[in-house]
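Have a look at start35.cif; it's mmCIF, C-alpha atoms:
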data_input
#
loop_
_atom_site.label_atom_id
_atom_site.label_comp_id
_atom_site.auth_asym_id
_atom_site.auth_seq_id
_atom_site.Cartn_x
_atom_site.Cartn_y
_atom_site.Cartn_z
CA MET A 1 82.05 -156.99 -46.42
CA GLU A 2 85.55 -155.69 -45.82
CA VAL A 3 87.71 -155.00 -48.87
CA PRO A 4 90.65 -157.48 -49.05
CA THR A 5 94.08 -156.02 -48.30
CA LEU A 6 97.22 -157.07 -50.16
CA TYR A 7 100.60 -156.47 -48.58
CA ASP A 8 102.52 -155.95 -51.75
CA TYR A 9 105.77 -154.81 -53.33
CA TYR A 10 105.60 -153.61 -56.91
CA ARG A 11 108.59 -155.62 -58.15
CA SER A 12 107.87 -158.81 -56.20
CA SER A 13 107.03 -161.58 -58.65
CA CYS A 14 105.20 -163.49 -55.91
CA SER A 15 102.99 -160.46 -55.27
CA TRP A 16 102.32 -160.04 -58.98
CA ARG A 17 100.84 -163.56 -59.05
CA ILE A 18 98.24 -162.43 -56.50
CA ARG A 19 97.54 -159.10 -58.21
CA THR A 20 96.82 -160.87 -61.51
CA THR A 21 94.55 -163.40 -59.83
CA LEU A 22 92.60 -160.79 -57.86
CA ASN A 23 92.10 -158.86 -61.12
CA TRP A 24 91.10 -162.05 -62.94
CA LYS A 25 88.57 -162.95 -60.27
CA GLU A 26 87.30 -159.34 -60.26
CA ILE A 27 88.03 -158.92 -56.57
CA ASN A 28 88.53 -155.32 -55.47
CA TYR A 29 91.42 -154.91 -53.08
CA GLU A 30 93.49 -152.34 -51.27
CA THR A 31 97.27 -152.31 -51.35
CA ILE A 32 99.65 -151.77 -48.45
CA PRO A 33 103.16 -151.46 -49.90
CA VAL A 34 105.98 -153.25 -48.09
CA ASN A 35 109.34 -151.97 -49.29
CA LEU A 36 111.68 -154.96 -49.42
CA LEU A 37 114.67 -152.75 -50.17
CA LYS A 38 114.09 -151.05 -46.81
CA ASP A 39 113.53 -154.42 -45.06
CA GLU A 40 110.02 -153.41 -44.08
CA GLN A 41 109.11 -157.12 -44.17
CA LYS A 42 111.29 -157.60 -41.07
CA THR A 43 109.55 -155.13 -38.76
CA THR A 44 107.92 -156.49 -35.61
CA GLU A 45 104.58 -155.26 -36.91
CA TYR A 46 104.87 -157.10 -40.22
CA LYS A 47 106.28 -160.27 -38.65
CA ALA A 48 103.11 -160.48 -36.57
CA ILE A 49 101.12 -160.48 -39.82
CA ASN A 50 103.44 -162.76 -41.79
CA PRO A 51 105.90 -164.92 -39.80
CA PHE A 52 107.71 -165.82 -43.04
CA GLN A 53 108.72 -162.15 -43.47
CA VAL A 54 107.92 -162.06 -47.16
CA VAL A 55 105.32 -160.57 -49.46
CA PRO A 56 102.60 -161.18 -50.39
CA THR A 57 100.18 -161.39 -47.49
CA LEU A 58 96.46 -161.23 -48.21
CA LYS A 59 93.83 -160.30 -45.64
CA ILE A 60 90.53 -161.61 -46.91
CA ASP A 61 87.36 -163.16 -45.48
CA GLY A 62 88.49 -162.20 -41.98
CA VAL A 63 91.75 -164.18 -42.15
CA THR A 64 95.36 -163.48 -43.01
CA LEU A 65 96.84 -165.70 -45.71
CA THR A 66 100.52 -166.15 -46.54
CA GLN A 67 102.58 -167.77 -49.34
CA SER A 68 101.46 -166.95 -52.85
CA ILE A 69 100.59 -170.49 -53.96
CA ALA A 70 98.46 -171.10 -50.88
CA ILE A 71 96.67 -167.82 -51.60
CA LEU A 72 96.09 -168.70 -55.27
CA GLU A 73 94.60 -172.08 -54.35
CA TYR A 74 92.42 -170.42 -51.70
CA LEU A 75 91.08 -167.87 -54.17
CA GLU A 76 90.30 -170.65 -56.66
CA GLU A 77 88.51 -172.73 -54.01
CA THR A 78 86.45 -169.88 -52.60
CA ARG A 79 85.89 -167.97 -55.90
CA PRO A 80 85.53 -170.73 -58.51
CA GLY A 81 84.08 -168.37 -61.12
CA LYS A 82 86.53 -167.58 -63.96
CA PRO A 83 88.62 -170.62 -63.05
CA LEU A 84 92.41 -170.58 -63.28
CA LEU A 85 92.69 -174.34 -62.76
CA PRO A 86 91.12 -176.83 -65.19
CA LYS A 87 88.48 -179.27 -63.88
CA ASP A 88 90.30 -182.46 -64.95
CA PRO A 89 92.75 -183.70 -62.28
CA ILE A 90 95.38 -184.62 -64.88
CA LYS A 91 95.28 -181.17 -66.42
CA ARG A 92 95.33 -179.63 -62.95
CA ALA A 93 98.48 -181.63 -62.24
CA LEU A 94 100.04 -180.28 -65.45
CA VAL A 95 99.25 -176.70 -64.44
CA ARG A 96 100.56 -177.21 -60.92
CA SER A 97 103.70 -178.91 -62.19
CA LEU A 98 104.58 -175.91 -64.33
CA MET A 99 103.70 -173.58 -61.45
CA GLN A 100 106.14 -175.39 -59.19
CA ALA A 101 108.86 -175.43 -61.83
CA ILE A 102 108.65 -171.64 -61.56
CA VAL A 103 107.74 -170.94 -57.95
CA SER A 104 109.93 -173.64 -56.38
CA ASP A 105 112.69 -174.45 -58.84
CA THR A 106 113.36 -170.96 -60.20
CA GLN A 107 112.19 -167.93 -58.25
CA PRO A 108 113.48 -168.79 -54.74
CA ILE A 109 117.04 -169.41 -55.93
CA THR A 110 117.24 -165.92 -57.39
CA ASN A 111 115.27 -163.77 -55.00
CA LEU A 112 116.68 -160.73 -53.24
CA ARG A 113 117.36 -162.56 -49.96
CA VAL A 114 119.44 -165.23 -51.64
CA LEU A 115 121.15 -162.81 -53.99
CA LYS A 116 122.40 -160.74 -51.06
CA TYR A 117 124.04 -163.91 -49.73
CA VAL A 118 125.80 -164.75 -53.00
CA GLU A 119 129.27 -163.21 -53.10
CA GLU A 120 129.21 -159.81 -54.71
CA ALA A 121 131.23 -160.68 -57.82
CA ARG A 122 128.63 -163.25 -58.86
CA ARG A 123 125.45 -161.26 -58.28
CA ASP A 124 124.90 -160.47 -61.96
CA GLU A 125 125.77 -163.91 -63.23
CA TRP A 126 123.90 -165.99 -60.61
CA PRO A 127 120.27 -165.06 -61.42
CA ASN A 128 120.94 -165.06 -65.16
CA HIS A 129 122.38 -168.58 -64.88
CA TRP A 130 119.45 -170.01 -62.91
CA MET A 131 116.69 -168.38 -64.89
CA THR A 132 118.31 -169.43 -68.17
CA TYR A 133 118.71 -172.96 -66.80
CA SER A 134 115.06 -173.16 -65.74
CA PHE A 135 113.71 -171.55 -68.89
CA HIS A 136 115.37 -174.28 -70.99
CA LEU A 137 113.45 -176.88 -68.98
CA ILE A 138 110.20 -174.93 -69.02
CA GLU A 139 110.47 -174.28 -72.76
CA ALA A 140 110.87 -178.05 -73.31
CA GLN A 141 107.77 -178.71 -71.23
CA LEU A 142 105.77 -175.99 -73.00
CA ALA A 143 106.64 -177.53 -76.36
CA ALA A 144 104.41 -180.42 -75.25
CA THR A 145 101.63 -178.54 -73.44
CA ALA A 146 101.26 -175.01 -74.80
CA GLY A 147 98.44 -173.76 -76.97
CA GLU A 148 97.67 -170.06 -76.83
CA TYR A 149 98.80 -170.20 -73.22
CA CYS A 150 100.99 -172.53 -71.11
CA ILE A 151 98.51 -175.37 -70.89
CA GLY A 152 96.26 -175.35 -73.92
CA ASP A 153 94.18 -172.34 -74.86
CA GLU A 154 92.92 -171.20 -71.48
CA VAL A 155 94.68 -168.91 -69.04
CA THR A 156 95.72 -170.84 -65.93
CA PHE A 157 97.84 -170.34 -62.83
CA ALA A 158 100.79 -171.51 -64.92
CA ASP A 159 100.54 -168.29 -66.93
CA VAL A 160 99.94 -166.30 -63.76
CA CYS A 161 103.28 -167.59 -62.44
CA LEU A 162 105.21 -167.48 -65.72
CA VAL A 163 104.67 -163.82 -66.58
CA PRO A 164 106.39 -162.30 -63.51
CA GLN A 165 109.27 -164.73 -63.95
CA VAL A 166 109.85 -163.46 -67.51
CA PHE A 167 109.84 -159.90 -66.19
CA ASN A 168 112.55 -160.96 -63.70
CA ALA A 169 114.49 -162.64 -66.49
CA ASN A 170 114.44 -159.44 -68.54
CA ARG A 171 115.80 -157.51 -65.58
CA VAL A 172 118.84 -159.81 -65.38
CA LYS A 173 119.29 -159.85 -69.17
CA VAL A 174 118.39 -163.46 -69.92
CA ASP A 175 118.59 -164.00 -73.68
CA MET A 176 114.90 -164.52 -74.38
CA THR A 177 115.47 -165.29 -78.08
CA LYS A 178 116.28 -168.83 -76.87
CA PHE A 179 112.77 -169.23 -75.49
CA PRO A 180 110.26 -168.39 -78.21
CA ILE A 181 107.30 -170.17 -76.62
CA ILE A 182 107.81 -168.50 -73.25
CA GLN A 183 108.23 -165.13 -74.95
CA ARG A 184 105.11 -165.60 -77.05
CA ILE A 185 102.98 -166.52 -74.03
CA TYR A 186 104.39 -163.60 -72.05
CA ASN A 187 103.48 -161.15 -74.81
CA LYS A 188 100.02 -162.63 -75.19
CA CYS A 189 99.28 -162.51 -71.45
CA LEU A 190 100.35 -158.89 -71.19
CA GLU A 191 97.69 -158.02 -73.74
CA LEU A 192 95.14 -159.05 -71.12
CA LYS A 193 94.09 -156.28 -68.74
CA GLU A 194 94.27 -158.58 -65.70
CA PHE A 195 98.00 -159.13 -66.23
CA ASN A 196 98.71 -155.68 -67.53
CA MET A 197 97.10 -153.85 -64.61
CA ALA A 198 99.21 -156.00 -62.30
CA TYR A 199 102.44 -155.00 -64.07
CA PRO A 200 105.06 -153.74 -61.58
CA TYR A 201 105.47 -150.32 -63.18
CA ARG A 202 101.77 -149.61 -62.78
CA GLN A 203 101.71 -150.14 -59.01
CA ILE A 204 101.29 -147.34 -56.50
CA ASP A 205 104.63 -147.99 -54.83
CA CYS A 206 106.58 -147.96 -58.09
CA PRO A 207 109.09 -145.09 -58.14
CA ASP A 208 107.95 -142.23 -60.38
CA GLU A 209 110.85 -142.58 -62.83
CA LEU A 210 109.72 -146.14 -63.72
CA LYS A 211 106.00 -145.58 -63.63
CA GLU A 212 103.87 -146.38 -66.67
CA LYS A 213 100.34 -145.15 -67.19
CA MET B 1 95.08 -201.81 -63.24
CA GLU B 2 98.76 -201.09 -63.69
CA VAL B 3 100.83 -200.60 -60.54
CA PRO B 4 102.05 -196.97 -60.25
CA THR B 5 105.76 -196.42 -60.84
CA LEU B 6 107.81 -193.91 -58.84
CA TYR B 7 111.08 -192.63 -60.26
CA ASP B 8 112.83 -192.12 -57.01
CA TYR B 9 116.14 -191.41 -55.28
CA TYR B 10 116.44 -192.56 -51.70
CA ARG B 11 117.89 -189.30 -50.36
CA SER B 12 115.70 -186.94 -52.37
CA SER B 13 113.45 -185.05 -50.00
CA CYS B 14 111.00 -184.34 -52.84
CA SER B 15 110.72 -188.07 -53.53
CA TRP B 16 110.21 -188.83 -49.85
CA ARG B 17 107.10 -186.59 -49.89
CA ILE B 18 105.60 -188.89 -52.52
CA ARG B 19 106.66 -192.11 -50.82
CA THR B 20 104.97 -191.02 -47.58
CA THR B 21 101.80 -190.03 -49.39
CA LEU B 22 101.60 -193.25 -51.40
CA ASN B 23 102.02 -195.18 -48.15
CA TRP B 24 99.43 -193.01 -46.40
CA LYS B 25 96.92 -193.53 -49.20
CA GLU B 26 97.72 -197.27 -49.23
CA ILE B 27 98.74 -197.20 -52.88
CA ASN B 28 101.08 -200.00 -53.90
CA TYR B 29 103.87 -198.81 -56.16
CA GLU B 30 107.05 -199.89 -57.84
CA THR B 31 110.28 -197.97 -57.60
CA ILE B 32 112.72 -197.12 -60.38
CA PRO B 33 115.81 -195.58 -58.77
CA VAL B 34 117.36 -192.56 -60.48
CA ASN B 35 120.83 -191.90 -59.12
CA LEU B 36 121.25 -188.14 -58.92
CA LEU B 37 124.93 -188.47 -58.01
CA LYS B 38 125.45 -190.18 -61.36
CA ASP B 39 123.32 -187.58 -63.18
CA GLU B 40 120.88 -190.27 -64.30
CA GLN B 41 118.18 -187.57 -64.31
CA LYS B 42 119.91 -185.99 -67.30
CA THR B 43 119.82 -188.97 -69.65
CA THR B 44 117.86 -188.63 -72.90
CA GLU B 45 115.60 -191.43 -71.73
CA TYR B 46 114.75 -189.77 -68.45
CA LYS B 47 114.36 -186.31 -69.97
CA ALA B 48 111.65 -187.76 -72.20
CA ILE B 49 109.82 -188.83 -69.04
CA ASN B 50 110.51 -185.71 -67.00
CA PRO B 51 111.57 -182.56 -68.91
CA PHE B 52 112.49 -180.89 -65.61
CA GLN B 53 115.25 -183.49 -65.08
CA VAL B 54 114.46 -184.03 -61.43
CA VAL B 55 112.92 -186.68 -59.24
CA PRO B 56 110.24 -187.59 -58.42
CA THR B 57 108.20 -188.64 -61.43
CA LEU B 58 105.08 -190.72 -60.88
CA LYS B 59 103.45 -192.86 -63.54
CA ILE B 60 99.88 -193.48 -62.45
CA ASP B 61 96.43 -193.80 -64.05
CA GLY B 62 98.05 -193.99 -67.48
CA VAL B 63 99.79 -190.61 -67.17
CA THR B 64 103.20 -189.33 -66.15
CA LEU B 65 103.18 -186.69 -63.42
CA THR B 66 106.04 -184.38 -62.43
CA GLN B 67 106.83 -181.98 -59.58
CA SER B 68 106.15 -183.31 -56.11
CA ILE B 69 103.51 -180.76 -55.07
CA ALA B 70 101.51 -181.31 -58.25
CA ILE B 71 101.67 -185.05 -57.57
CA LEU B 72 100.55 -184.65 -53.94
CA GLU B 73 97.56 -182.52 -54.97
CA TYR B 74 96.69 -185.05 -57.70
CA LEU B 75 96.77 -187.96 -55.25
CA GLU B 76 94.55 -186.02 -52.84
CA GLU B 77 92.06 -185.14 -55.58
CA THR B 78 91.85 -188.63 -57.04
CA ARG B 79 92.20 -190.60 -53.76
CA PRO B 80 90.35 -188.47 -51.20
CA GLY B 81 90.23 -191.26 -48.61
CA LYS B 82 92.60 -190.69 -45.65
CA PRO B 83 92.85 -186.99 -46.53
CA LEU B 84 96.08 -185.06 -46.13
CA LEU B 85 94.40 -181.70 -46.67
CA PRO B 86 91.64 -180.42 -44.36
CA LYS B 87 88.18 -179.70 -45.80
CA ASP B 88 88.01 -176.07 -44.71
CA PRO B 89 89.57 -173.67 -47.28
CA ILE B 90 91.21 -171.55 -44.58
CA LYS B 91 92.87 -174.58 -43.01
CA ARG B 92 93.87 -175.82 -46.45
CA ALA B 93 95.55 -172.46 -47.03
CA LEU B 94 97.43 -172.83 -43.74
CA VAL B 95 98.67 -176.28 -44.74
CA ARG B 96 99.67 -175.12 -48.21
CA SER B 97 101.40 -172.05 -46.82
CA LEU B 98 103.61 -174.18 -44.61
CA MET B 99 104.22 -176.59 -47.48
CA GLN B 100 105.45 -173.75 -49.66
CA ALA B 101 107.64 -172.32 -46.91
CA ILE B 102 109.44 -175.65 -47.13
CA VAL B 103 109.19 -176.70 -50.77
CA SER B 104 109.72 -173.23 -52.28
CA ASP B 105 111.54 -171.13 -49.71
CA THR B 106 113.88 -173.77 -48.29
CA GLN B 107 114.54 -176.94 -50.26
CA PRO B 108 115.35 -175.48 -53.71
CA ILE B 109 118.01 -173.11 -52.38
CA THR B 110 119.93 -176.00 -50.87
CA ASN B 111 119.49 -178.84 -53.32
CA LEU B 112 122.34 -180.67 -54.97
CA ARG B 113 122.12 -178.73 -58.23
CA VAL B 114 122.43 -175.37 -56.50
CA LEU B 115 125.03 -176.58 -54.05
CA LYS B 116 127.30 -177.64 -56.89
CA TYR B 117 127.10 -174.08 -58.19
CA VAL B 118 128.03 -172.49 -54.86
CA GLU B 119 131.79 -171.97 -54.57
CA GLU B 120 133.43 -174.93 -52.91
CA ALA B 121 134.57 -173.17 -49.74
CA ARG B 122 130.95 -172.32 -48.85
CA ARG B 123 129.31 -175.69 -49.54
CA ASP B 124 129.08 -176.70 -45.88
CA GLU B 125 127.97 -173.34 -44.62
CA TRP B 126 125.41 -172.51 -47.35
CA PRO B 127 122.78 -175.21 -46.70
CA ASN B 128 123.19 -174.89 -42.94
CA HIS B 129 122.58 -171.15 -43.18
CA TRP B 130 119.43 -171.44 -45.30
CA MET B 131 117.84 -174.29 -43.43
CA THR B 132 118.53 -172.57 -40.10
CA TYR B 133 117.09 -169.34 -41.48
CA SER B 134 113.93 -171.08 -42.70
CA PHE B 135 113.48 -173.18 -39.60
CA HIS B 136 113.37 -170.02 -37.46
CA LEU B 137 110.47 -168.78 -39.59
CA ILE B 138 108.72 -172.14 -39.67
CA GLU B 139 109.12 -172.60 -35.91
CA ALA B 140 107.46 -169.18 -35.40
CA GLN B 141 104.57 -170.21 -37.61
CA LEU B 142 104.21 -173.60 -35.91
CA ALA B 143 104.00 -171.87 -32.53
CA ALA B 144 100.65 -170.56 -33.77
CA THR B 145 99.34 -173.58 -35.67
CA ALA B 146 100.80 -176.81 -34.28
CA GLY B 147 98.96 -179.37 -32.23
CA GLU B 148 100.23 -182.92 -32.35
CA TYR B 149 101.28 -182.17 -35.91
CA CYS B 150 102.03 -179.03 -37.96
CA ILE B 151 98.43 -177.88 -38.32
CA GLY B 152 96.40 -179.11 -35.40
CA ASP B 153 96.15 -182.78 -34.49
CA GLU B 154 95.83 -184.37 -37.92
CA VAL B 155 98.63 -185.37 -40.26
CA THR B 156 98.65 -183.14 -43.33
CA PHE B 157 100.85 -182.42 -46.33
CA ALA B 158 102.67 -179.90 -44.14
CA ASP B 159 104.03 -182.82 -42.10
CA VAL B 160 104.71 -184.79 -45.26
CA CYS B 161 106.95 -181.94 -46.44
CA LEU B 162 108.49 -181.06 -43.08
CA VAL B 163 109.90 -184.48 -42.21
CA PRO B 164 112.29 -184.83 -45.17
CA GLN B 165 113.48 -181.26 -44.63
CA VAL B 166 114.47 -182.09 -41.05
CA PHE B 167 116.38 -185.10 -42.32
CA ASN B 168 118.24 -182.76 -44.69
CA ALA B 169 118.90 -180.35 -41.84
CA ASN B 170 120.42 -183.12 -39.76
CA ARG B 171 122.72 -184.03 -42.63
CA VAL B 172 124.13 -180.48 -42.72
CA LYS B 173 124.32 -180.26 -38.92
CA VAL B 174 121.64 -177.66 -38.26
CA ASP B 175 121.36 -177.14 -34.50
CA MET B 176 117.91 -178.63 -33.98
CA THR B 177 117.84 -177.71 -30.25
CA LYS B 178 116.74 -174.27 -31.48
CA PHE B 179 113.60 -175.74 -33.02
CA PRO B 180 111.77 -177.79 -30.38
CA ILE B 181 108.39 -177.80 -32.13
CA ILE B 182 109.85 -178.92 -35.47
CA GLN B 183 111.90 -181.60 -33.70
CA ARG B 184 108.88 -182.86 -31.74
CA ILE B 185 106.73 -183.14 -34.87
CA TYR B 186 109.54 -184.88 -36.75
CA ASN B 187 109.91 -187.47 -34.00
CA LYS B 188 106.19 -188.01 -33.79
CA CYS B 189 105.78 -188.46 -37.56
CA LEU B 190 108.58 -190.99 -37.73
CA GLU B 191 106.67 -193.14 -35.28
CA LEU B 192 104.07 -193.57 -38.02
CA LYS B 193 104.73 -196.44 -40.42
CA GLU B 194 103.82 -194.35 -43.48
CA PHE B 195 106.67 -191.93 -42.79
CA ASN B 196 109.01 -194.54 -41.41
CA MET B 197 108.74 -196.90 -44.38
CA ALA B 198 109.52 -193.92 -46.62
CA TYR B 199 112.71 -193.12 -44.70
CA PRO B 200 115.71 -192.80 -47.06
CA TYR B 201 117.77 -195.51 -45.39
CA ARG B 202 115.01 -198.06 -45.94
CA GLN B 203 114.84 -197.58 -49.71
CA ILE B 204 116.07 -200.16 -52.19
CA ASP B 205 118.65 -197.83 -53.74
CA CYS B 206 120.17 -196.88 -50.39
CA PRO B 207 123.82 -198.03 -50.19
CA ASP B 208 124.24 -201.08 -47.96
CA GLU B 209 126.41 -199.30 -45.40
CA LEU B 210 123.55 -196.87 -44.61
CA LYS B 211 120.66 -199.27 -44.86
CA GLU B 212 118.31 -199.73 -41.92
CA LYS B 213 115.91 -202.61 -41.51
#
Output the structure of this file as structure tokens.
Amino acid sequence: MEVPTLYDYYRSSCSWRIRTTLNWKEINYETIPVNLLKDEQKTTEYKAINPFQVVPTLKIDGVTLTQSIAILEYLEETRPGKPLLPKDPIKRALVRSLMQAIVSDTQPITNLRVLKYVEEARRDEWPNHWMTYSFHLIEAQLAATAGEYCIGDEVTFADVCLVPQVFNANRVKVDMTKFPIIQRIYNKCLELKEFNMAYPYRQIDCPDELKEK
Amino acid sequence: MEVPTLYDYYRSSCSWRIRTTLNWKEINYETIPVNLLKDEQKTTEYKAINPFQVVPTLKIDGVTLTQSIAILEYLEETRPGKPLLPKDPIKRALVRSLMQAIVSDTQPITNLRVLKYVEEARRDEWPNHWMTYSFHLIEAQLAATAGEYCIGDEVTFADVCLVPQVFNANRVKVDMTKFPIIQRIYNKCLELKEFNMAYPYRQIDCPDELKEK
């Protein structure tokens, strides 16, 4: 059986979702770094692997999978052990709703591609504004659903998606004191080795000056 | 059994995804219009229903569901007849990948909320730029996966998500001659009553001057 390959970038929040899930599911994988700052996702070679020109891409089971949410769902369907989605359809809908509030309504508006297209004077303010905006909504939702984690007391894909978004928020100086539930869940998740090993500053392509052991 | 209720806005592409799917699954539903231009999604009453302050919201089976993708997955899991996801996990991943290329990488960057925050002089150019950008990527992916529809010859959630995005693209004057596969699939889907009945200009909250019979 071939070892799965993750096309990855240490600071990509979408890639971090996959790293956490592969760790959670105890799937060994190899990393091929794709440096987004050098536009390596736009090379002819990479475009042939991922027409969307983004990370992550996962090669697994003889196929090449793109888009982080599609990959997460695939891993859950094919590796149902240590589930990251509840069994009950209503609870699954709750998890997926929170996932989408992050992966659709928050992350894409503030990613590097979009930020480069915002006029320069607003590039600090723009991501702070949108993450703060979304975190207010997510905090309100978590007030109704959170236990130890986002949805009750089990780790789910909602947590897998939330943690990298909080990391992004810290980078753009979002005032996290406004979001005590999000902050608490973030801290709690990072105590888990599956999240912690997936932390950007522990990845092989992280510059030495940022690297954590 | 209570009739499901859709909190809807005729021109919302996220709502259209749900309308098509409810039609496809032959689920009768009632509509409660939420006028986004009047910020009706921000009322205290609506926030209690949907903390994310967006449409759609679907009340069904005694629960209130939010975020269109979570709702689509719920409908597929609880009403598996007339499937909109293939059975094979790899094909499911292909469908979900294309869905996310639309619902995460395209729609959120160009929605009303974001557009209002873009400086006024760029409000025509911004959505055209991002939809054109995404459609190039999606067209490249469809070249590999499309048959009669986005993924092979069966209607899937990828089509359900693509059609409203093309409608949005037309509104902001994207040059669709560059995207023959997308255009062909759009035309073909709109021949189907499930998509056609869900068309914005056939909805009850559509202004009279736009309404189509």
Spatial neighbours of Lys193 (chain A), 10 Å, all atoms listed in the file, chain gap at least 4 places, as a PDB file with C-alpha atoms, in the frame of the given file:
ATOM      1  CA  THR A  20      96.820-160.870 -61.510  1.00  0.00           C
ATOM      2  CA  ASN A  23      92.100-158.860 -61.120  1.00  0.00           C
ATOM      3  CA  TRP A  24      91.100-162.050 -62.940  1.00  0.00           C
ATOM      4  CA  CYS A 189      99.280-162.510 -71.450  1.00  0.00           C
ATOM      5  CA  MET A 197      97.100-153.850 -64.610  1.00  0.00           C
ATOM      6  CA  ALA A 198      99.210-156.000 -62.300  1.00  0.00           C
ATOM      7  CA  TYR A 199     102.440-155.000 -64.070  1.00  0.00           C
TER       8      TYR A 199
END
Using all atoms listed in the file, find which residues of chain A lie within 8 Å of chain B and jot them down as JSON, numbers by chain. {"A": [51, 52, 53, 63, 65, 66, 67, 68, 69, 70, 71, 73, 74, 77, 78, 89, 90, 92, 93, 94, 96, 97, 100, 101, 103, 104, 105, 108, 109, 137, 138, 140, 141]}
At a cut-off of 12 Å from (112.3, -160.0, -67.1) in the coordinates of the file, what residues are picked up using all atoms listed in the file, written as a VMD selection string? chain A and resid 11 to 13 107 127 to 128 131 to 132 135 162 to 176 182 to 183 186 to 187 199 to 200
Which one is closest to Lys178 (chain A): A:Tyr133, A:Thr145, A:Gly152, A:Leu36? Count all atoms listed in the file. A:Tyr133
Rounded to one decimal place, report the CA of Thr31 (chain B)-CA of Lys211 (chain B) distance in Å. 16.5 Å
